Amino acid sequence: MAIYEFKGKVPQIGEGTWVDESATIIGDVRIGDNCWIGPNAVLRADFGTIIIGDETAVEDGVVIHTPRTVTIGKRVTIGHLAMVHNRLVKDYAVVGMGSTLGDDAEVGAWSIVAEHSLVKKNQIVPDYKLYAGVPAVEKGDITEQYQEVMKFGKAMYVELAQSYRTTLKKIG
């Protein structure tokens, strides 16, 4: 993995967190415990600060960058190739594959931003809501049934971080 100090700011990576060797982490990045940071993820905190809560999954090819501070809560899932340039993603949220979160946008707790959606600059996705589209609009509520499925997926990534740390072996 490529971890870089920038202007005296050194990334902090929590206990039990797995970071793929192809990921790039620059500057004032604070990653919680038991997170999973996938292949080719880029967490670039050269202007602002990136804070990632415990047990969060940042999947393959995700780019997180901010001109100020972005806070990503605990047990968040950020899908493959998402672009995160916003202010806040609250606990247990899901940002779907290929989605974009614009400057100063906010994603509520237990909310889902569907695949390939655009949450525009300053837009707020409320707690417990499903948003989809370009631009993203409300499509419904996150029910207890949705939450149970979401909990399963989030636990899967915590277990995956453990498995990668203990059983992943590079060959060739």
# chains A, B, ... in the order shown; residues from 1 in each chain; ligands from 1
>>> residues_around(residues="segment 37-50 of chain A", least_positions_apart="4", cutoff="6 Å", atoms="only C-alpha atoms", output="PyMOL selection string")
chain A and resi 19-20+22-29+58-70
>>> select_by_dssp(residues="segment 58-159 of chain A", states="strand (DSSP E or B)", output="MDAnalysis selection string")
chainID A and resid 58 63:65 69:72 77:78 83:84 88:89 94:95 100:101 106:107 112:113 118:119 124:125 129:132 137:141
>>> write_last_selection(atoms="N, CA and C atoms", output="compact mmCIF listing (two decimals), in the first residue's frame")
# COMPACT_ATOMS: atom_id res chain seq x y z
N VAL A 58 -14.60 0.48 2.29
CA VAL A 58 -14.35 1.35 1.15
C VAL A 58 -13.92 0.41 0.03
N VAL A 63 -12.78 6.79 -4.71
CA VAL A 63 -11.95 7.98 -4.51
C VAL A 63 -12.64 8.85 -3.46
N ILE A 64 -11.89 9.17 -2.41
CA ILE A 64 -12.38 10.08 -1.37
C ILE A 64 -11.41 11.25 -1.32
N HIS A 65 -11.95 12.45 -1.52
CA HIS A 65 -11.14 13.67 -1.50
C HIS A 65 -12.05 14.79 -1.03
N THR A 69 -13.29 18.88 5.31
CA THR A 69 -13.30 17.63 6.08
C THR A 69 -14.47 16.79 5.61
N VAL A 70 -14.23 15.50 5.40
CA VAL A 70 -15.31 14.55 5.15
C VAL A 70 -15.28 13.54 6.29
N THR A 71 -16.45 13.34 6.89
CA THR A 71 -16.59 12.37 7.96
C THR A 71 -17.49 11.25 7.46
N ILE A 72 -16.98 10.05 7.54
CA ILE A 72 -17.73 8.86 7.14
C ILE A 72 -17.92 8.04 8.41
N THR A 77 -20.89 1.46 4.00
CA THR A 77 -20.38 0.75 2.84
C THR A 77 -20.33 1.73 1.69
N ILE A 78 -19.15 1.89 1.10
CA ILE A 78 -18.99 2.75 -0.08
C ILE A 78 -18.63 1.83 -1.23
N MET A 83 -17.35 8.11 -6.06
CA MET A 83 -16.57 9.34 -5.89
C MET A 83 -17.17 10.09 -4.71
N VAL A 84 -16.40 10.21 -3.64
CA VAL A 84 -16.87 10.84 -2.41
C VAL A 84 -16.13 12.16 -2.23
N LEU A 88 -20.40 14.68 4.76
CA LEU A 88 -20.79 13.74 5.80
C LEU A 88 -21.55 12.55 5.23
N VAL A 89 -21.14 11.36 5.66
CA VAL A 89 -21.91 10.13 5.43
C VAL A 89 -22.10 9.54 6.81
N VAL A 94 -25.21 3.43 2.93
CA VAL A 94 -24.63 2.73 1.79
C VAL A 94 -24.56 3.73 0.64
N VAL A 95 -23.39 3.83 0.04
CA VAL A 95 -23.19 4.63 -1.17
C VAL A 95 -22.95 3.62 -2.28
N THR A 100 -21.73 9.38 -7.12
CA THR A 100 -20.95 10.57 -6.85
C THR A 100 -21.64 11.39 -5.78
N LEU A 101 -20.86 11.79 -4.77
CA LEU A 101 -21.35 12.67 -3.72
C LEU A 101 -20.63 14.00 -3.88
N GLU A 106 -24.63 15.61 2.09
CA GLU A 106 -24.74 14.81 3.31
C GLU A 106 -25.63 13.60 3.03
N VAL A 107 -25.21 12.44 3.53
CA VAL A 107 -25.99 11.21 3.40
C VAL A 107 -26.34 10.77 4.81
N ILE A 112 -29.57 4.86 1.75
CA ILE A 112 -28.92 4.23 0.61
C ILE A 112 -28.94 5.21 -0.55
N VAL A 113 -27.77 5.44 -1.14
CA VAL A 113 -27.66 6.14 -2.41
C VAL A 113 -27.44 5.03 -3.44
N LEU A 118 -26.24 10.55 -8.44
CA LEU A 118 -25.52 11.80 -8.20
C LEU A 118 -26.22 12.57 -7.09
N VAL A 119 -25.55 12.66 -5.94
CA VAL A 119 -26.01 13.53 -4.87
C VAL A 119 -25.28 14.85 -5.09
N ILE A 124 -28.93 17.15 0.69
CA ILE A 124 -29.00 16.35 1.90
C ILE A 124 -29.94 15.17 1.67
N VAL A 125 -29.41 13.97 1.87
CA VAL A 125 -30.20 12.74 1.85
C VAL A 125 -30.57 12.48 3.31
N LYS A 129 -33.59 6.92 4.19
CA LYS A 129 -34.20 7.14 2.88
C LYS A 129 -33.38 6.47 1.79
N LEU A 130 -34.07 6.06 0.74
CA LEU A 130 -33.44 5.54 -0.48
C LEU A 130 -33.51 6.64 -1.52
N TYR A 131 -32.34 7.00 -2.06
CA TYR A 131 -32.24 8.02 -3.11
C TYR A 131 -31.59 7.37 -4.33
N ALA A 132 -32.06 7.76 -5.51
CA ALA A 132 -31.51 7.21 -6.74
C ALA A 132 -31.68 8.22 -7.87
N VAL A 137 -32.98 11.53 -6.30
CA VAL A 137 -34.25 11.94 -5.69
C VAL A 137 -34.75 10.81 -4.80
N GLU A 138 -35.63 11.16 -3.87
CA GLU A 138 -36.14 10.17 -2.94
C GLU A 138 -36.99 9.13 -3.65
N LYS A 139 -36.73 7.86 -3.31
CA LYS A 139 -37.47 6.74 -3.89
C LYS A 139 -38.23 5.95 -2.85
N GLY A 140 -37.98 6.21 -1.56
CA GLY A 140 -38.69 5.48 -0.53
C GLY A 140 -37.96 5.47 0.79
N ASP A 141 -38.52 4.69 1.71
CA ASP A 141 -37.97 4.58 3.06
C ASP A 141 -37.12 3.32 3.20
>>> atom_distance(atom1="atom CA of Gly102 of chain A", atom2="atom CA of Asn122 of chain A")
7.2 Å
>>> select_by_dssp(residues="segment 56-161 of chain A", states="alpha helix (DSSP H)", output="list in words")
Glu144, Gln145, Tyr146, Gln147, Glu148, Val149, Met150, Lys151, Phe152, Gly153, Lys154, Ala155, Met156, Tyr157, Val158, Glu159, Leu160 and Ala161 of chain A
>>> write_last_selection(atoms="N, CA and C atoms", output="tab-separated table (two decimals), in the first residue's frame")
chain	number	residue	atom	x	y	z
A	144	GLU	N	-37.24	-1.80	8.27
A	144	GLU	CA	-36.48	-2.72	9.11
A	144	GLU	C	-35.96	-3.91	8.30
A	145	GLN	N	-36.73	-4.32	7.30
A	145	GLN	CA	-36.29	-5.43	6.44
A	145	GLN	C	-35.01	-5.04	5.68
A	146	TYR	N	-34.99	-3.83	5.12
A	146	TYR	CA	-33.77	-3.32	4.47
A	146	TYR	C	-32.61	-3.32	5.47
A	147	GLN	N	-32.87	-2.84	6.68
A	147	GLN	CA	-31.81	-2.73	7.68
A	147	GLN	C	-31.20	-4.09	8.01
A	148	GLU	N	-32.02	-5.11	8.09
A	148	GLU	CA	-31.50	-6.45	8.38
A	148	GLU	C	-30.56	-6.92	7.27
A	149	VAL	N	-30.93	-6.68	6.03
A	149	VAL	CA	-30.07	-7.04	4.89
A	149	VAL	C	-28.77	-6.22	4.95
A	150	MET	N	-28.90	-4.94	5.26
A	150	MET	CA	-27.73	-4.07	5.34
A	150	MET	C	-26.77	-4.54	6.45
A	151	LYS	N	-27.31	-4.94	7.59
A	151	LYS	CA	-26.47	-5.42	8.70
A	151	LYS	C	-25.66	-6.64	8.27
A	152	PHE	N	-26.29	-7.55	7.54
A	152	PHE	CA	-25.59	-8.74	7.06
A	152	PHE	C	-24.41	-8.36	6.18
A	153	GLY	N	-24.63	-7.45	5.23
A	153	GLY	CA	-23.56	-7.02	4.33
A	153	GLY	C	-22.42	-6.33	5.06
A	154	LYS	N	-22.76	-5.55	6.07
A	154	LYS	CA	-21.73	-4.84	6.82
A	154	LYS	C	-20.90	-5.81	7.66
A	155	ALA	N	-21.54	-6.80	8.27
A	155	ALA	CA	-20.81	-7.81	9.03
A	155	ALA	C	-19.89	-8.61	8.12
A	156	MET	N	-20.34	-8.84	6.89
A	156	MET	CA	-19.54	-9.59	5.92
A	156	MET	C	-18.20	-8.89	5.67
A	157	TYR	N	-18.19	-7.55	5.58
A	157	TYR	CA	-16.94	-6.84	5.32
A	157	TYR	C	-16.03	-6.81	6.55
A	158	VAL	N	-16.60	-6.78	7.74
A	158	VAL	CA	-15.77	-6.86	8.95
A	158	VAL	C	-15.06	-8.21	8.97
A	159	GLU	N	-15.78	-9.27	8.66
A	159	GLU	CA	-15.18	-10.61	8.59
A	159	GLU	C	-14.17	-10.70	7.46
A	160	LEU	N	-14.46	-10.04	6.34
A	160	LEU	CA	-13.54	-10.06	5.21
A	160	LEU	C	-12.21	-9.40	5.57
A	161	ALA	N	-12.26	-8.30	6.30
A	161	ALA	CA	-11.01	-7.63	6.73
A	161	ALA	C	-10.16	-8.60	7.55
>>> closest_residue(among="A:Gly73, A:Gly133, A:Gly108, A:Pro11", to="Ile52 of chain A", atoms="only C-alpha atoms")
A:Gly73
>>> atom_distance(atom1="atom CA of Lys74 of chain A", atom2="atom CA of Trp110 of chain A")
10.7 Å
>>> atom_distance(atom1="atom CA of Gly14 of chain A", atom2="atom CA of Glu55 of chain A")
9.9 Å
